file final.cif (mmCIF, C-alpha atoms and all ligand atoms)
data_my_file
#
loop_
_atom_site.label_atom_id
_atom_site.label_comp_id
_atom_site.auth_asym_id
_atom_site.auth_seq_id
_atom_site.Cartn_x
_atom_site.Cartn_y
_atom_site.Cartn_z
CA MET A 6 82.30 116.35 89.77
CA VAL A 7 81.65 117.34 93.37
CA MET A 8 82.07 121.10 93.73
CA LEU A 9 80.89 121.74 97.27
CA LYS A 10 81.68 125.44 97.23
CA LEU A 11 79.25 125.87 94.37
CA ASP A 12 76.36 124.24 96.21
CA PRO A 13 75.02 126.40 99.10
CA LYS A 14 72.87 123.53 100.39
CA VAL A 15 75.98 121.45 100.96
CA LEU A 16 78.31 124.33 101.79
CA GLN A 17 77.14 125.16 105.30
CA PRO A 18 77.29 121.65 106.78
CA TYR A 19 80.64 121.18 105.06
CA LEU A 20 82.08 124.24 106.81
CA ASP A 21 80.66 123.01 110.12
CA TYR A 22 82.19 119.59 109.59
CA LEU A 23 85.57 121.22 109.02
CA LYS A 24 85.52 122.22 112.70
CA MET A 25 85.23 118.60 113.84
CA PRO A 26 88.28 116.69 115.05
CA VAL A 27 89.98 114.06 112.88
CA SER A 28 92.55 111.32 113.43
CA CYS A 29 93.71 109.76 110.19
CA PHE A 30 96.32 107.24 109.16
CA CYS A 31 97.68 107.59 105.64
CA PRO A 32 99.24 104.34 104.40
CA HIS A 33 100.26 105.83 101.05
CA TRP A 34 102.49 108.89 101.25
CA HIS A 35 105.35 109.72 98.92
CA GLY A 36 107.93 111.28 101.14
CA ARG A 37 110.76 112.76 99.09
CA ASP A 38 114.06 114.06 100.41
CA PHE A 39 117.38 112.24 99.82
CA GLU A 40 118.25 113.23 96.24
CA HIS A 41 114.71 114.53 95.59
CA TRP A 42 114.83 117.29 98.21
CA ASN A 43 113.82 119.75 95.43
CA LYS A 44 110.37 118.07 95.25
CA ASP A 45 109.90 118.14 99.03
CA THR A 46 111.72 117.46 102.29
CA LEU A 47 110.64 115.04 104.99
CA GLU A 48 110.69 117.91 107.47
CA HIS A 49 108.14 119.91 105.49
CA ALA A 50 106.00 116.84 104.73
CA LEU A 51 105.85 115.68 108.34
CA LEU A 52 104.96 119.14 109.65
CA LEU A 53 102.18 119.27 107.05
CA ALA A 54 100.92 115.79 108.00
CA GLU A 55 100.88 116.73 111.68
CA ALA A 56 98.95 119.95 110.98
CA ALA A 57 96.48 117.97 108.84
CA GLY A 58 95.53 115.80 111.82
CA LEU A 59 97.34 112.61 110.83
CA ALA A 60 97.99 110.14 113.63
CA GLY A 61 100.48 108.37 111.42
CA LEU A 62 101.64 107.71 107.91
CA ALA A 63 103.55 105.12 105.95
CA ALA A 64 105.98 106.31 103.30
CA MET A 65 106.14 104.69 99.89
CA PRO A 66 109.57 103.38 98.89
CA ASN A 67 110.33 105.62 95.93
CA PRO A 68 112.45 108.50 97.07
CA GLU A 69 115.72 108.53 95.14
CA PRO A 70 117.55 106.26 95.95
CA PRO A 71 114.54 103.98 96.51
CA LEU A 72 113.99 102.15 99.81
CA THR A 73 114.94 98.64 98.72
CA THR A 74 117.24 97.64 101.58
CA LEU A 75 117.03 97.50 105.36
CA GLU A 76 119.79 100.10 105.60
CA LEU A 77 118.03 102.62 103.35
CA CYS A 78 114.73 102.11 105.16
CA ARG A 79 116.46 102.72 108.48
CA ALA A 80 118.28 105.79 107.17
CA TYR A 81 114.98 107.22 105.95
CA MET A 82 113.22 106.47 109.23
CA SER A 83 115.97 108.07 111.26
CA LEU A 84 115.67 111.19 109.11
CA ALA A 85 111.95 111.22 109.97
CA ASP A 86 112.65 110.49 113.64
CA ARG A 87 114.95 113.49 113.89
CA VAL A 88 112.16 115.75 112.59
CA ILE A 89 109.58 114.14 114.90
CA LYS A 90 111.88 114.68 117.88
CA LYS A 91 112.89 118.21 116.88
CA TYR A 92 109.28 119.44 116.61
CA LYS A 93 107.82 117.05 119.23
CA LEU A 94 105.33 115.71 116.66
CA SER A 95 102.77 113.15 117.76
CA LEU A 96 102.48 111.28 114.46
CA LYS A 97 103.94 107.82 113.93
CA PHE A 98 106.12 107.10 110.91
CA TYR A 99 106.42 103.82 108.99
CA VAL A 100 107.78 102.71 105.62
CA HIS A 101 107.02 100.18 102.92
CA ILE A 102 110.05 98.50 101.39
CA GLY A 103 110.27 98.41 97.57
CA LEU A 104 110.46 95.21 95.55
CA THR A 105 112.67 94.80 92.48
CA PRO A 106 112.98 91.99 89.90
CA ASN A 107 116.13 90.76 91.68
CA THR A 108 115.36 87.55 93.60
CA GLU A 109 118.10 88.14 96.16
CA GLN A 110 116.75 91.63 96.84
CA VAL A 111 113.26 90.20 97.36
CA LYS A 112 114.64 87.71 99.89
CA ARG A 113 116.53 90.45 101.74
CA ALA A 114 113.44 92.66 101.71
CA ILE A 115 111.43 89.89 103.37
CA GLU A 116 114.18 89.56 105.96
CA ALA A 117 114.07 93.35 106.48
CA THR A 118 110.33 93.23 107.31
CA ARG A 119 111.15 90.61 109.95
CA LEU A 120 114.04 92.53 111.48
CA GLU A 121 112.48 95.99 111.47
CA LYS A 122 108.87 96.21 112.65
CA ARG A 123 108.42 99.70 111.22
CA ILE A 124 108.79 98.29 107.71
CA ILE A 125 105.13 97.35 107.60
CA SER A 126 104.75 95.96 104.09
CA MET A 127 106.16 95.73 100.60
CA LYS A 128 105.32 97.79 97.55
CA ALA A 129 105.51 96.46 94.02
CA TYR A 130 105.19 98.68 90.96
CA TRP A 131 103.76 96.18 88.45
CA GLY A 132 103.86 98.93 85.82
CA ARG A 133 106.05 101.97 85.37
CA SER A 134 105.18 105.04 87.44
CA THR A 135 107.27 107.73 89.15
CA GLY A 136 110.83 106.81 90.06
CA SER A 137 113.01 103.88 89.17
CA LEU A 138 111.15 101.06 90.94
CA SER A 139 109.18 98.76 88.66
CA ILE A 140 108.79 95.11 87.75
CA ILE A 141 107.52 95.11 84.20
CA HIS A 142 108.04 91.70 82.63
CA GLU A 143 105.59 88.95 83.49
CA ASP A 144 108.26 86.28 83.93
CA GLN A 145 109.95 88.56 86.50
CA GLN A 146 106.64 89.27 88.19
CA LEU A 147 105.90 85.56 88.58
CA LYS A 148 109.40 85.01 89.96
CA VAL A 149 108.74 87.66 92.62
CA TRP A 150 105.51 85.92 93.67
CA GLU A 151 107.33 82.56 93.74
CA THR A 152 110.04 83.99 95.99
CA LEU A 153 107.53 85.64 98.34
CA ALA A 154 105.62 82.35 98.62
CA LYS A 155 108.71 80.18 99.04
CA GLU A 156 110.05 82.43 101.79
CA GLY A 157 106.69 82.36 103.57
CA TYR A 158 106.05 86.13 103.51
CA GLU A 159 102.66 86.48 105.21
CA LYS A 160 102.18 90.23 105.39
CA VAL A 161 100.84 92.67 102.81
CA VAL A 162 102.06 93.29 99.27
CA ILE A 163 100.80 96.64 98.01
CA GLY A 164 100.49 96.65 94.24
CA HIS A 165 100.54 99.53 91.79
CA HIS A 166 98.44 97.79 89.18
CA GLU A 167 98.85 99.03 85.63
CA ASP A 168 99.56 96.52 82.88
CA GLU A 169 102.48 97.81 80.84
CA SER A 170 101.28 96.01 77.69
CA LEU A 171 98.06 98.08 77.73
CA MET A 172 99.61 101.50 78.34
CA ASN A 173 101.10 103.90 75.84
CA ASP A 174 102.54 107.05 77.37
CA LYS A 175 103.64 108.28 73.93
CA LEU A 176 100.02 109.15 73.08
CA PHE A 177 100.05 111.97 75.66
CA LYS A 178 99.44 115.45 74.28
CA ARG A 179 100.47 118.29 76.52
CA ASP A 180 97.91 120.62 74.94
CA ASN A 181 95.18 118.01 75.55
CA PRO A 182 96.11 116.38 78.88
CA ILE A 183 92.93 114.28 79.09
CA THR A 184 94.76 111.99 76.65
CA TRP A 185 96.57 110.67 79.74
CA SER A 186 93.26 109.23 80.92
CA LEU A 187 91.66 108.37 77.57
CA LEU A 188 94.61 106.96 75.65
CA CYS A 189 97.77 106.46 77.70
CA ARG A 190 96.55 104.85 80.91
CA PRO A 191 93.09 103.34 80.25
CA GLU A 192 91.00 101.49 82.83
CA ILE A 193 91.70 98.15 81.16
CA ALA A 194 95.37 98.43 82.20
CA GLU A 195 94.39 98.32 85.89
CA ILE A 196 91.82 95.56 85.43
CA SER A 197 94.19 93.37 83.44
CA SER A 198 97.06 93.84 85.89
CA TYR A 199 94.86 92.97 88.87
CA LYS A 200 93.59 89.78 87.21
CA LYS A 201 97.08 88.66 86.19
CA HIS A 202 98.54 89.20 89.66
CA ILE A 203 95.70 87.47 91.48
CA ALA A 204 96.23 84.49 89.16
CA MET A 205 100.00 84.53 89.72
CA ALA A 206 99.70 84.84 93.51
CA GLU A 207 97.14 82.02 93.58
CA SER A 208 99.29 79.79 91.38
CA VAL A 209 102.18 79.93 93.87
CA LYS A 210 99.89 79.82 96.94
CA PHE A 211 101.15 83.19 98.19
CA PRO A 212 100.36 83.17 101.94
CA GLY A 213 100.17 86.97 102.43
CA ARG A 214 97.65 89.63 101.53
CA ILE A 215 97.26 91.72 98.39
CA HIS A 216 96.36 95.41 98.66
CA VAL A 217 95.50 97.32 95.50
CA ALA A 218 96.78 100.87 95.87
CA HIS A 219 94.76 103.80 94.49
CA VAL A 220 92.03 101.70 92.89
CA SER A 221 90.43 103.58 90.01
CA THR A 222 88.02 101.19 88.33
CA CYS A 223 84.69 99.81 89.50
CA GLU A 224 85.57 96.43 87.95
CA VAL A 225 88.56 95.90 90.23
CA VAL A 226 86.55 96.94 93.31
CA ASP A 227 83.84 94.45 92.28
CA LEU A 228 86.41 91.69 91.69
CA ILE A 229 87.97 92.31 95.12
CA ASN A 230 84.58 92.13 96.82
CA ALA A 231 83.58 88.99 94.92
CA TYR A 232 86.87 87.25 95.68
CA ASN A 233 86.29 84.04 97.62
CA GLY A 234 89.59 82.17 97.41
CA PRO A 235 91.11 80.75 100.62
CA LEU A 236 94.19 83.05 100.51
CA LEU A 237 95.18 86.58 99.47
CA ARG A 238 92.31 88.43 101.24
CA PRO A 239 92.55 91.28 98.70
CA SER A 240 91.77 94.84 99.79
CA CYS A 241 91.95 98.24 98.13
CA GLY A 242 92.32 101.92 98.85
CA VAL A 243 91.04 104.96 96.98
CA THR A 244 92.66 108.37 96.76
CA PRO A 245 90.58 111.49 97.38
CA HIS A 246 91.26 112.67 93.83
CA HIS A 247 89.96 109.45 92.27
CA TRP A 248 86.66 109.61 94.15
CA ILE A 249 86.22 113.42 94.03
CA PHE A 250 87.66 114.54 90.67
CA ASP A 251 86.82 113.31 87.19
CA ASN A 252 89.10 113.41 84.17
CA THR A 253 87.62 116.62 82.69
CA LEU A 254 89.81 118.38 85.26
CA LEU A 255 92.81 117.29 83.18
CA ASN A 256 91.71 119.75 80.50
CA ALA A 257 91.14 122.61 82.98
CA PRO A 258 93.78 125.39 82.91
CA TYR A 259 95.96 123.64 85.51
CA GLY A 260 95.23 120.19 84.06
CA CYS A 261 98.77 118.83 84.18
CA GLU A 262 98.79 119.42 87.94
CA VAL A 263 96.21 116.64 88.39
CA LYS A 264 97.96 114.19 86.09
CA CYS A 265 98.49 111.05 88.13
CA ASN A 266 98.84 107.27 87.92
CA PRO A 267 96.40 105.65 87.51
CA ALA A 268 94.77 108.53 85.61
CA LEU A 269 91.63 110.32 86.78
CA ARG A 270 88.59 108.57 85.27
CA ASP A 271 85.48 109.72 83.44
CA GLU A 272 82.45 110.89 85.42
CA THR A 273 80.65 107.54 85.18
CA THR A 274 83.57 105.73 86.77
CA ARG A 275 84.21 108.49 89.31
CA ALA A 276 80.59 108.41 90.45
CA GLY A 277 80.75 104.60 90.58
CA ILE A 278 83.90 104.70 92.70
CA GLN A 279 82.32 107.22 95.08
CA ARG A 280 79.22 105.00 95.43
CA LEU A 281 81.34 101.91 96.07
CA PHE A 282 83.41 103.84 98.62
CA PHE A 283 80.34 105.04 100.51
CA ASP A 284 78.78 101.55 100.24
CA GLY A 285 81.74 100.14 102.16
CA LYS A 286 83.19 98.24 99.19
CA ILE A 287 86.51 100.11 99.28
CA ASP A 288 88.48 99.46 102.45
CA LEU A 289 90.18 102.77 103.02
CA GLN A 290 91.23 106.18 101.77
CA GLU A 291 94.93 106.72 101.02
CA SER A 292 96.17 110.12 99.92
CA ASP A 293 98.95 109.10 97.51
CA HIS A 294 100.45 112.45 98.45
CA ALA A 295 103.07 112.91 95.72
CA PRO A 296 104.58 116.38 95.37
CA HIS A 297 106.66 117.39 92.37
CA SER A 298 108.63 120.50 91.58
CA GLU A 299 107.09 123.10 89.28
CA GLU A 300 109.77 122.23 86.75
CA ASP A 301 108.76 118.53 86.76
CA LYS A 302 105.15 119.49 86.13
CA LYS A 303 106.12 121.84 83.29
CA ALA A 304 107.99 119.13 81.39
CA GLU A 305 106.76 117.94 77.98
CA THR A 306 105.39 114.88 79.78
CA PRO A 307 104.63 116.28 83.23
CA ALA A 308 105.40 114.17 86.30
CA SER A 309 102.44 112.21 87.71
CA GLY A 310 101.20 112.89 91.22
CA LEU A 311 99.37 115.46 93.37
CA ALA A 312 100.55 117.20 96.52
CA CYS A 313 97.30 116.33 98.26
CA GLY A 314 98.38 115.41 101.80
CA SER A 315 96.94 118.60 103.22
CA ALA A 316 93.53 117.60 101.80
CA TRP A 317 93.02 114.93 104.50
CA PRO A 318 90.82 116.96 106.90
CA TYR A 319 88.91 118.52 104.00
CA THR A 320 88.10 115.12 102.54
CA VAL A 321 86.90 113.92 105.95
CA ALA A 322 84.57 116.96 106.07
CA ILE A 323 83.34 116.09 102.56
CA MET A 324 82.64 112.51 103.68
CA ARG A 325 80.67 113.82 106.67
CA ALA A 326 78.83 116.41 104.56
CA LEU A 327 77.82 113.63 102.18
CA SER A 328 76.39 111.70 105.15
CA MET A 329 78.97 109.00 105.65
CA ASN A 330 78.34 107.74 109.18
CA GLU A 331 80.97 108.24 111.90
CA THR A 332 81.79 104.54 112.24
CA GLN A 333 82.61 104.36 108.56
CA VAL A 334 84.54 107.64 108.59
CA LYS A 335 86.72 106.28 111.37
CA ASN A 336 87.18 103.00 109.56
CA VAL A 337 88.13 104.34 106.12
CA THR A 338 90.41 107.09 107.47
CA PHE A 339 92.08 105.13 110.27
CA GLY A 340 90.82 101.74 111.43
CA ALA A 341 91.07 99.71 108.23
CA ALA A 342 94.61 100.86 107.49
CA VAL A 343 96.06 100.28 110.97
CA SER A 344 94.39 96.88 111.08
CA LEU A 345 95.65 95.88 107.60
CA PHE A 346 99.24 96.69 108.56
CA GLY A 347 99.08 95.23 112.08
CA LEU A 348 99.37 98.60 113.84
CA THR A 349 96.20 98.50 115.92
CA ASP A 350 98.13 98.58 119.21
CA LYS A 351 100.76 101.00 117.96
CA VAL A 352 98.94 103.99 116.53
CA GLU A 353 96.49 105.72 118.80
CA TYR A 354 93.18 107.09 117.51
CA LYS A 355 93.24 110.55 119.01
CA PRO A 356 90.94 112.99 117.20
CA ARG A 357 92.03 116.62 117.17
CA VAL A 358 91.01 119.70 115.23
CA PRO A 359 93.57 120.25 112.45
CA ASP A 360 95.70 123.38 112.50
CA PHE A 361 94.27 124.91 109.32
CA LYS A 362 96.32 128.08 109.53
CA LYS A 363 99.56 126.17 109.71
CA LEU A 364 98.33 123.73 107.09
CA ALA A 365 97.63 126.53 104.61
CA GLU A 366 101.04 128.00 105.30
CA LEU A 367 102.80 124.67 104.76
CA GLN A 368 100.80 123.89 101.61
CA LYS A 369 102.35 127.02 100.10
CA GLY A 370 105.62 125.07 100.08
CA TYR A 371 104.16 123.30 97.05
CA HIS A 372 103.64 125.31 93.88
CA PHE A 373 100.03 124.16 93.42
CA ASP A 374 97.15 123.01 95.64
CA PRO A 375 94.95 120.50 93.78
CA PHE A 376 92.21 120.75 96.45
CA TYR A 377 92.12 124.56 96.59
CA MET A 378 88.41 124.63 95.75
CA PHE A 379 87.50 122.97 99.05
CA LYS A 380 89.42 125.42 101.17
CA ALA A 381 87.91 128.60 102.51
ZN ZN B 1 101.57 106.30 94.99
#
call {"tool": "encode", "arguments": {"input": "final.cif", "output": "structure tokens"}}
result
Amino acid sequence: MVMLKLDPKVLQPYLDYLKMPVSCFCPHWHGRDFEHWNKDTLEHALLLAEAAGLAGLAAMPNPEPPLTTLELCRAYMSLADRVIKKYKLSLKFYVHIGLTPNTEQVKRAIEATRLEKRIISMKAYWGRSTGSLSIIHEDQQLKVWETLAKEGYEKVVIGHHEDESLMNDKLFKRDNPITWSLLCRPEIAEISSYKKHIAMAESVKFPGRIHVAHVSTCEVVDLINAYNGPLLRPSCGVTPHHWIFDNTLLNAPYGCEVKCNPALRDETTRAGIQRLFFDGKIDLQESDHAPHSEEDKKAETPASGLACGSAWPYTVAIMRALSMNETQVKNVTFGAAVSLFGLTDKVEYKPRVPDFKKLAELQKGYHFDPFYMFKA
């Protein structure tokens, strides 16, 4: 595990890099609000994102109720717009619309992406995660791909890839949280899901792109890079926690706080993912910022997700301290994401030094900071 604070040789440049400006775009951000205001509010999240140096973000569709219709997407965006206007924020706000097993909903969601340019893509939960959005059965999954292909949807489908048939959440032991990684949500679940969905999308000649959210296995990164079919142009993103933390953290005193989907991986995989990321084999970093209430994390099976949005500038400093070159830093934290979602002309790359004081203050709105060890 990378513990920069423990390594004086790395510490000094890291602190220097923290003073450098950043301009990031996070395409994977779980805004809450609506009925989940107790986990977080959009107002708090957007102020935190602005302080962190984000030029823009795209919200995932699983607040409660989930963003599965044009109307709900618009209601959520206008909530964000009011905050942006009130505080004169510079960041740009987008959403991904959620897919369900209902064919009519899929058709209307496609229509929504055509009517509302700020709905930049679709998100499909191919396995159960947080919230009520998921498409579990393979016949339903194929039907979704068929509908997307038939309707000529050419933009991005973001997939949460975990194969339900290879997961068993019942094996989780609260007094031994590493079971989440070792038993409940093994690597094979992600690999299997990716292979199945590539085959399904190919079989229906899906004309859009596939983006694998929060990739956590070297196999899937390798498969994406080796892919040479005429369609799909698969891409993937990695979260800071999957490339910086290994699964031993799950058995640390605050282990349940870093429980997430997919699970943190063992050190071999973590190191492999970091190498692939630095080698340019992973397109972009996405935070998967996903705050939960203290109560949700204290449950017998704690909620999955980390409130890691404020880690953005720290992770950029870690990238720089580990000698990632500036072209690549810009690409993985901004360029690749805005290009993937067709926002190159809409979101401006405008580096600024994050407001760390404000950021620290706003992070206190969450009951735990999973990246505390990187903060002075
Ligand atoms: Zn997520």
call {"tool": "closest_atom_pairs", "arguments": {"input": "final.cif", "of": "chain A", "to": "ligand ZN 1 (chain B)", "cutoff": "10 Å", "atoms": "all atoms listed in the file", "output": "JSON lines"}}
result
{"residue": "A:Pro32", "atom": "CA", "partner": "B:ZN1", "partner_atom": "ZN", "distance": 9.9}
{"residue": "A:His33", "atom": "CA", "partner": "B:ZN1", "partner_atom": "ZN", "distance": 6.2}
{"residue": "A:Trp34", "atom": "CA", "partner": "B:ZN1", "partner_atom": "ZN", "distance": 6.8}
{"residue": "A:His35", "atom": "CA", "partner": "B:ZN1", "partner_atom": "ZN", "distance": 6.4}
{"residue": "A:Ala64", "atom": "CA", "partner": "B:ZN1", "partner_atom": "ZN", "distance": 9.4}
{"residue": "A:Met65", "atom": "CA", "partner": "B:ZN1", "partner_atom": "ZN", "distance": 6.9}
{"residue": "A:Pro66", "atom": "CA", "partner": "B:ZN1", "partner_atom": "ZN", "distance": 9.4}
{"residue": "A:Asn67", "atom": "CA", "partner": "B:ZN1", "partner_atom": "ZN", "distance": 8.8}
{"residue": "A:Lys128", "atom": "CA", "partner": "B:ZN1", "partner_atom": "ZN", "distance": 9.6}
{"residue": "A:Tyr130", "atom": "CA", "partner": "B:ZN1", "partner_atom": "ZN", "distance": 9.3}
{"residue": "A:Ser134", "atom": "CA", "partner": "B:ZN1", "partner_atom": "ZN", "distance": 8.5}
{"residue": "A:Thr135", "atom": "CA", "partner": "B:ZN1", "partner_atom": "ZN", "distance": 8.3}
{"residue": "A:Gly164", "atom": "CA", "partner": "B:ZN1", "partner_atom": "ZN", "distance": 9.7}
{"residue": "A:His165", "atom": "CA", "partner": "B:ZN1", "partner_atom": "ZN", "distance": 7.6}
{"residue": "A:Ala218", "atom": "CA", "partner": "B:ZN1", "partner_atom": "ZN", "distance": 7.3}
{"residue": "A:His219", "atom": "CA", "partner": "B:ZN1", "partner_atom": "ZN", "distance": 7.3}
{"residue": "A:Thr244", "atom": "CA", "partner": "B:ZN1", "partner_atom": "ZN", "distance": 9.3}
{"residue": "A:Cys265", "atom": "CA", "partner": "B:ZN1", "partner_atom": "ZN", "distance": 8.9}
{"residue": "A:Asn266", "atom": "CA", "partner": "B:ZN1", "partner_atom": "ZN", "distance": 7.6}
{"residue": "A:Pro267", "atom": "CA", "partner": "B:ZN1", "partner_atom": "ZN", "distance": 9.1}
{"residue": "A:Glu291", "atom": "CA", "partner": "B:ZN1", "partner_atom": "ZN", "distance": 9.0}
{"residue": "A:Ser292", "atom": "CA", "partner": "B:ZN1", "partner_atom": "ZN", "distance": 8.2}
{"residue": "A:Asp293", "atom": "CA", "partner": "B:ZN1", "partner_atom": "ZN", "distance": 4.6}
{"residue": "A:His294", "atom": "CA", "partner": "B:ZN1", "partner_atom": "ZN", "distance": 7.1}
{"residue": "A:Ala295", "atom": "CA", "partner": "B:ZN1", "partner_atom": "ZN", "distance": 6.8}
{"residue": "A:Ser309", "atom": "CA", "partner": "B:ZN1", "partner_atom": "ZN", "distance": 9.4}
{"residue": "A:Gly310", "atom": "CA", "partner": "B:ZN1", "partner_atom": "ZN", "distance": 7.6}
{"residue": "A:Leu311", "atom": "CA", "partner": "B:ZN1", "partner_atom": "ZN", "distance": 9.6}
call {"tool": "residues_around", "arguments": {"input": "final.cif", "residues": "segment 190-207 of chain A", "least_positions_apart": "4", "cutoff": "6 Å", "atoms": "all atoms listed in the file", "output": "JSON, numbers by chain"}}
result
{"A": [150, 166, 167, 168, 171, 172, 185, 186, 211, 225]}
call {"tool": "write_last_selection", "arguments": {"input": "final.cif", "atoms": "C-alpha atoms", "output": "short mmCIF file (atom, residue, chain, number, x, y, z; two decimals), in the coordinates of the input"}}
result
data_model
loop_
_atom_site.label_atom_id
_atom_site.label_comp_id
_atom_site.auth_asym_id
_atom_site.auth_seq_id
_atom_site.Cartn_x
_atom_site.Cartn_y
_atom_site.Cartn_z
CA TRP A 150 105.51 85.92 93.67
CA HIS A 166 98.44 97.79 89.18
CA GLU A 167 98.85 99.03 85.63
CA ASP A 168 99.56 96.52 82.88
CA LEU A 171 98.06 98.08 77.73
CA MET A 172 99.61 101.50 78.34
CA TRP A 185 96.57 110.67 79.74
CA SER A 186 93.26 109.23 80.92
CA PHE A 211 101.15 83.19 98.19
CA VAL A 225 88.56 95.90 90.23
#
call {"tool": "closest_residue", "arguments": {"input": "final.cif", "among": "A:Ala114, A:Leu147, A:Cys29, A:Ala312", "to": "Tyr354 of chain A", "atoms": "only C-alpha atoms"}}
result
A:Cys29
call {"tool": "closest_residue", "arguments": {"input": "final.cif", "among": "A:Gly242, A:Pro356, A:Gly347, A:Pro296", "to": "Glu159 of chain A", "atoms": "all atoms listed in the file"}}
result
A:Gly347
call {"tool": "closest_residue", "arguments": {"input": "final.cif", "among": "A:Leu367, A:Val352, A:Val100, A:Ala268", "to": "Ile183 of chain A", "atoms": "all atoms listed in the file"}}
result
A:Ala268
call {"tool": "residues_around", "arguments": {"input": "final.cif", "residues": "Asp45 of chain A", "least_positions_apart": "5", "cutoff": "9 Å", "atoms": "all atoms listed in the file", "output": "list in words"}}
result
Gly36, Arg37, Asp38, Ala50, Pro296, His297, Ser298, Gly370 and Tyr371 of chain A
call {"tool": "write_last_selection", "arguments": {"input": "final.cif", "atoms": "C-alpha atoms", "output": "short mmCIF file (atom, residue, chain, number, x, y, z; two decimals), in the frame of the given file"}}
result
data_model
loop_
_atom_site.label_atom_id
_atom_site.label_comp_id
_atom_site.auth_asym_id
_atom_site.auth_seq_id
_atom_site.Cartn_x
_atom_site.Cartn_y
_atom_site.Cartn_z
CA GLY A 36 107.93 111.28 101.14
CA ARG A 37 110.76 112.76 99.09
CA ASP A 38 114.06 114.06 100.41
CA ALA A 50 106.00 116.84 104.73
CA PRO A 296 104.58 116.38 95.37
CA HIS A 297 106.66 117.39 92.37
CA SER A 298 108.63 120.50 91.58
CA GLY A 370 105.62 125.07 100.08
CA TYR A 371 104.16 123.30 97.05
#
call {"tool": "closest_residue", "arguments": {"input": "final.cif", "among": "A:Ser240, A:Cys189, A:Asp271, A:Phe98", "to": "Lys175 of chain A", "atoms": "all atoms listed in the file"}}
result
A:Cys189
call {"tool": "closest_residue", "arguments": {"input": "final.cif", "among": "A:His372, A:Arg133, A:Lys97, A:Arg214", "to": "Lys303 of chain A", "atoms": "only C-alpha atoms"}}
result
A:His372
call {"tool": "residues_around", "arguments": {"input": "final.cif", "residues": "Leu254 of chain A", "least_positions_apart": "5", "cutoff": "12 Å", "atoms": "all atoms listed in the file", "output": "list in words"}}
result
Met6, Val7, Met8, Asn181, Pro182, Ile183, Thr184, Trp185, Ser186, His246, His247, Ile249, Tyr259, Gly260, Cys261, Glu262, Val263, Lys264, Cys265, Ala268, Leu269, Arg270, Asp271, Glu272, Pro375 and Phe376 of chain A
call {"tool": "atom_distance", "arguments": {"input": "final.cif", "atom1": "atom CA of Ala117 of chain A", "atom2": "atom CA of Val161 of chain A"}}
result
13.7 Å
call {"tool": "closest_residue", "arguments": {"input": "final.cif", "among": "A:Leu52, A:Lys363, A:Leu75, A:Leu289", "to": "Lys91 of chain A", "atoms": "all atoms listed in the file"}}
result
A:Leu52
call {"tool": "residues_near_point", "arguments": {"input": "final.cif", "point": "(105.7, 123.6, 76.7)", "cutoff": "9 Å", "atoms": "all atoms listed in the file", "output": "count of residues only"}}
result
5
call {"tool": "residues_near_point", "arguments": {"input": "final.cif", "point": "(102.2, 94.4, 102.7)", "cutoff": "12 Å", "atoms": "only C-alpha atoms", "output": "ChimeraX atom specification"}}
result
/A:32-33,63,65,100-104,114-115,118,123-129,153,158-164,212-218,237-241,342-347
call {"tool": "write_last_selection", "arguments": {"input": "final.cif", "atoms": "C-alpha atoms", "output": "short mmCIF file (atom, residue, chain, number, x, y, z; two decimals), in the coordinates of the input"}}
result
data_model
loop_
_atom_site.label_atom_id
_atom_site.label_comp_id
_atom_site.auth_asym_id
_atom_site.auth_seq_id
_atom_site.Cartn_x
_atom_site.Cartn_y
_atom_site.Cartn_z
CA PRO A 32 99.24 104.34 104.40
CA HIS A 33 100.26 105.83 101.05
CA ALA A 63 103.55 105.12 105.95
CA MET A 65 106.14 104.69 99.89
CA VAL A 100 107.78 102.71 105.62
CA HIS A 101 107.02 100.18 102.92
CA ILE A 102 110.05 98.50 101.39
CA GLY A 103 110.27 98.41 97.57
CA LEU A 104 110.46 95.21 95.55
CA ALA A 114 113.44 92.66 101.71
CA ILE A 115 111.43 89.89 103.37
CA THR A 118 110.33 93.23 107.31
CA ARG A 123 108.42 99.70 111.22
CA ILE A 124 108.79 98.29 107.71
CA ILE A 125 105.13 97.35 107.60
CA SER A 126 104.75 95.96 104.09
CA MET A 127 106.16 95.73 100.60
CA LYS A 128 105.32 97.79 97.55
CA ALA A 129 105.51 96.46 94.02
CA LEU A 153 107.53 85.64 98.34
CA TYR A 158 106.05 86.13 103.51
CA GLU A 159 102.66 86.48 105.21
CA LYS A 160 102.18 90.23 105.39
CA VAL A 161 100.84 92.67 102.81
CA VAL A 162 102.06 93.29 99.27
CA ILE A 163 100.80 96.64 98.01
CA GLY A 164 100.49 96.65 94.24
CA PRO A 212 100.36 83.17 101.94
CA GLY A 213 100.17 86.97 102.43
CA ARG A 214 97.65 89.63 101.53
CA ILE A 215 97.26 91.72 98.39
CA HIS A 216 96.36 95.41 98.66
CA VAL A 217 95.50 97.32 95.50
CA ALA A 218 96.78 100.87 95.87
CA LEU A 237 95.18 86.58 99.47
CA ARG A 238 92.31 88.43 101.24
CA PRO A 239 92.55 91.28 98.70
CA SER A 240 91.77 94.84 99.79
CA CYS A 241 91.95 98.24 98.13
CA ALA A 342 94.61 100.86 107.49
CA VAL A 343 96.06 100.28 110.97
CA SER A 344 94.39 96.88 111.08
CA LEU A 345 95.65 95.88 107.60
CA PHE A 346 99.24 96.69 108.56
CA GLY A 347 99.08 95.23 112.08
#
call {"tool": "atom_distance", "arguments": {"input": "final.cif", "atom1": "atom CA of Lys210 of chain A", "atom2": "atom CA of Ala154 of chain A"}}
result
6.5 Å
call {"tool": "atom_distance", "arguments": {"input": "final.cif", "atom1": "atom CA of Glu55 of chain A", "atom2": "atom CA of Lys362 of chain A"}}
result
12.4 Å
